[in-house]
Amino acid sequence: MYDLNEVKNYCLVCKKCRLHETRTNIVFGEGNKDADIMFIGEGPGYNEDKQGKPFVGAAGHLLDKILAAINLNRNDIYIANIVKCRPPSNRNPLPEEMSSCIEYLRWQVKLINPKIIVCLGAVSARNIISPDFRITKDRGQWINKGKFYIMPTYHPAAVLRDDNKKRPVWEDFKKIREKYDELK
């Protein structure tokens with residue numbers, strides 16, 4: 001059985017797709033290794049690539065504020081992405097990039113063993129829930145998959161671009177807090 005450091009070490013030398021050619025750092029994931037809640041985004045952006053940490057740019061700062069509003073912080077959660085290397089120009093990861101990287105995420109989920117998985121954005125939800133998932137239509141509803149409670153919501157970057165997404169995200173995060181309390 002692997003541990004998170006072993007899986008991270010595989011990522012550090014990974015060349016399964018072309019994203020490794022332009023990365024500065026892999027962005028493996030971080031947080032509480034015993035977290036009950038795991039947040040999954042799509043992939044690192046510019047700031048994440050530079051620092052090697054997930055959600056450290058503007059979207060990450062917004063995520064931190066939303067977490068604080070429901071009395072959680074990064075010490076309470078684990079956060080990762082579908083792909084571990086930044087796609088050029090912050091584009092969405094390509095299907096072959098996601099399929100090359102998804103096994104690392106599966107190991108992270110298995111090792112963290114959260115009760116709740118929060119899909120941040122459509123790319124995450126399509127990889128975790130269903131390829132046909134529609135974030136605008138289907139977000140905010142609990143989905144049971146195996147032993148996991150999964151909540152899809154808008155990515156914080158989408159909220160920064162569109163104020164109309166603030167209220168729905170707030171409603172989703174209140175549901176996340178309620179489920180977290182219920183499962184404790």
# chains A, B, ... in the order shown; residues from 1 in each chain; ligands from 1
$ residues_around --residues "Tyr78 in chain A" --least-positions-apart "2" --cutoff "8 Å" --atoms "only C-alpha atoms" --output "PyMOL selection string"
chain A and resi 29-33+35+37-39+74-76+80+112
$ residues_around --residues "Asn81 in chain A" --least-positions-apart "6" --cutoff "10 Å" --atoms "only C-alpha atoms" --output "ChimeraX atom specification"
/A:27-29,39-44,54-55,98,101-102,104-105,119-120,123-124
$ write_last_selection --atoms "C-alpha atoms" --output "mmCIF file, in the first residue's frame"
data_model
loop_
_atom_site.group_PDB
_atom_site.id
_atom_site.type_symbol
_atom_site.label_atom_id
_atom_site.label_comp_id
_atom_site.auth_asym_id
_atom_site.auth_seq_id
_atom_site.Cartn_x
_atom_site.Cartn_y
_atom_site.Cartn_z
ATOM 1 C CA VAL A 27 0.955 20.799 -7.544
ATOM 2 C CA PHE A 28 0.192 17.547 -5.797
ATOM 3 C CA GLY A 29 -2.204 18.631 -3.083
ATOM 4 C CA PHE A 39 -11.853 19.604 -2.366
ATOM 5 C CA ILE A 40 -10.934 18.827 -5.968
ATOM 6 C CA GLY A 41 -10.299 21.498 -8.587
ATOM 7 C CA GLU A 42 -9.311 21.134 -12.218
ATOM 8 C CA GLY A 43 -5.624 22.060 -12.314
ATOM 9 C CA PRO A 44 -3.038 24.531 -11.116
ATOM 10 C CA PRO A 54 -3.004 24.333 -4.739
ATOM 11 C CA PHE A 55 -5.355 27.301 -4.661
ATOM 12 C CA MET A 98 -6.775 14.236 -17.322
ATOM 13 C CA CYS A 101 -3.216 12.111 -14.201
ATOM 14 C CA ILE A 102 -6.456 10.763 -12.722
ATOM 15 C CA TYR A 104 -2.770 9.983 -8.870
ATOM 16 C CA LEU A 105 -6.007 11.595 -7.699
ATOM 17 C CA CYS A 119 -15.979 19.159 -6.890
ATOM 18 C CA LEU A 120 -14.905 22.717 -7.624
ATOM 19 C CA VAL A 123 -14.006 19.875 -15.078
ATOM 20 C CA SER A 124 -13.765 18.303 -11.648
#
$ atom_distance --atom1 "CA of Pro93 in chain A" --atom2 "CA of Arg139 in chain A"
20.5 Å
$ select_by_dssp --residues "range 50-143 of chain A" --states "alpha helix (DSSP H)" --output "count of residues only"
43
$ residues_around --residues "Ala158 in chain A" --least-positions-apart "5" --cutoff "10 Å" --atoms "only C-alpha atoms" --output "ChimeraX atom specification"
/A:59,120-121,163-166
$ write_last_selection --atoms "N, CA and C atoms" --output "short mmCIF file (atom, residue, chain, number, x, y, z; two decimals), in the first residue's frame"
data_model
loop_
_atom_site.label_atom_id
_atom_site.label_comp_id
_atom_site.auth_asym_id
_atom_site.auth_seq_id
_atom_site.Cartn_x
_atom_site.Cartn_y
_atom_site.Cartn_z
N ALA A 59 -8.41 32.84 -6.70
CA ALA A 59 -9.46 31.85 -6.44
C ALA A 59 -9.22 31.15 -5.10
N LEU A 120 -14.94 21.29 -7.34
CA LEU A 120 -14.90 22.72 -7.62
C LEU A 120 -14.88 22.92 -9.14
N GLY A 121 -16.04 23.12 -9.71
CA GLY A 121 -16.13 23.39 -11.14
C GLY A 121 -16.51 22.20 -11.98
N ASP A 163 -20.51 37.63 -10.43
CA ASP A 163 -21.12 37.85 -9.11
C ASP A 163 -22.40 37.05 -8.89
N ASN A 164 -23.09 36.70 -9.97
CA ASN A 164 -24.34 35.94 -9.83
C ASN A 164 -24.12 34.54 -9.28
N LYS A 165 -22.87 34.09 -9.24
CA LYS A 165 -22.57 32.76 -8.71
C LYS A 165 -22.28 32.78 -7.20
N LYS A 166 -22.17 33.96 -6.62
CA LYS A 166 -21.87 34.06 -5.18
C LYS A 166 -22.94 33.39 -4.32
#
$ atom_distance --atom1 "CA of Lys179 in chain A" --atom2 "CA of Lys110 in chain A"
20.2 Å
$ residues_around --residues "Glu6 in chain A" --least-positions-apart "5" --cutoff "12 Å" --atoms "only C-alpha atoms" --output "list in words"
Met1, Cys11, Leu12, Val13, Phe28, Tyr104, Trp107, Gln108 and Leu111 of chain A
$ write_last_selection --atoms "N, CA and C atoms" --output "PDB file, in the first residue's frame"
ATOM      1  N   MET A   1       0.849  -1.189   0.000  1.00  0.00           N
ATOM      2  CA  MET A   1       0.000   0.000   0.000  1.00  0.00           C
ATOM      3  C   MET A   1       0.890   1.246   0.000  1.00  0.00           C
ATOM      4  N   CYS A  11       4.522  11.488  -9.023  1.00  0.00           N
ATOM      5  CA  CYS A  11       4.125  12.705  -9.752  1.00  0.00           C
ATOM      6  C   CYS A  11       5.339  13.564 -10.102  1.00  0.00           C
ATOM      7  N   LEU A  12       6.282  13.652  -9.191  1.00  0.00           N
ATOM      8  CA  LEU A  12       7.447  14.513  -9.397  1.00  0.00           C
ATOM      9  C   LEU A  12       8.242  14.141 -10.650  1.00  0.00           C
ATOM     10  N   VAL A  13       8.201  12.877 -11.025  1.00  0.00           N
ATOM     11  CA  VAL A  13       8.956  12.433 -12.202  1.00  0.00           C
ATOM     12  C   VAL A  13       8.040  12.035 -13.362  1.00  0.00           C
ATOM     13  N   PHE A  28       0.734  18.848  -6.171  1.00  0.00           N
ATOM     14  CA  PHE A  28       0.192  17.547  -5.797  1.00  0.00           C
ATOM     15  C   PHE A  28      -1.097  17.677  -5.001  1.00  0.00           C
ATOM     16  N   TYR A 104      -3.371   9.350 -10.055  1.00  0.00           N
ATOM     17  CA  TYR A 104      -2.770   9.983  -8.870  1.00  0.00           C
ATOM     18  C   TYR A 104      -3.861  10.500  -7.934  1.00  0.00           C
ATOM     19  N   TRP A 107      -5.500   7.685  -6.045  1.00  0.00           N
ATOM     20  CA  TRP A 107      -4.692   7.286  -4.890  1.00  0.00           C
ATOM     21  C   TRP A 107      -4.849   8.286  -3.743  1.00  0.00           C
ATOM     22  N   GLN A 108      -4.886   9.570  -4.067  1.00  0.00           N
ATOM     23  CA  GLN A 108      -5.085  10.570  -3.015  1.00  0.00           C
ATOM     24  C   GLN A 108      -6.421  10.346  -2.300  1.00  0.00           C
ATOM     25  N   LEU A 111      -6.218   7.264  -0.090  1.00  0.00           N
ATOM     26  CA  LEU A 111      -5.383   7.430   1.100  1.00  0.00           C
ATOM     27  C   LEU A 111      -5.950   8.448   2.095  1.00  0.00           C
TER      28      LEU A 111
END
$ closest_residue --among "A:Pro156, A:Gly60, A:Gly140, A:Pro131" --to "Ile176 in chain A" --atoms "only C-alpha atoms"
A:Gly140
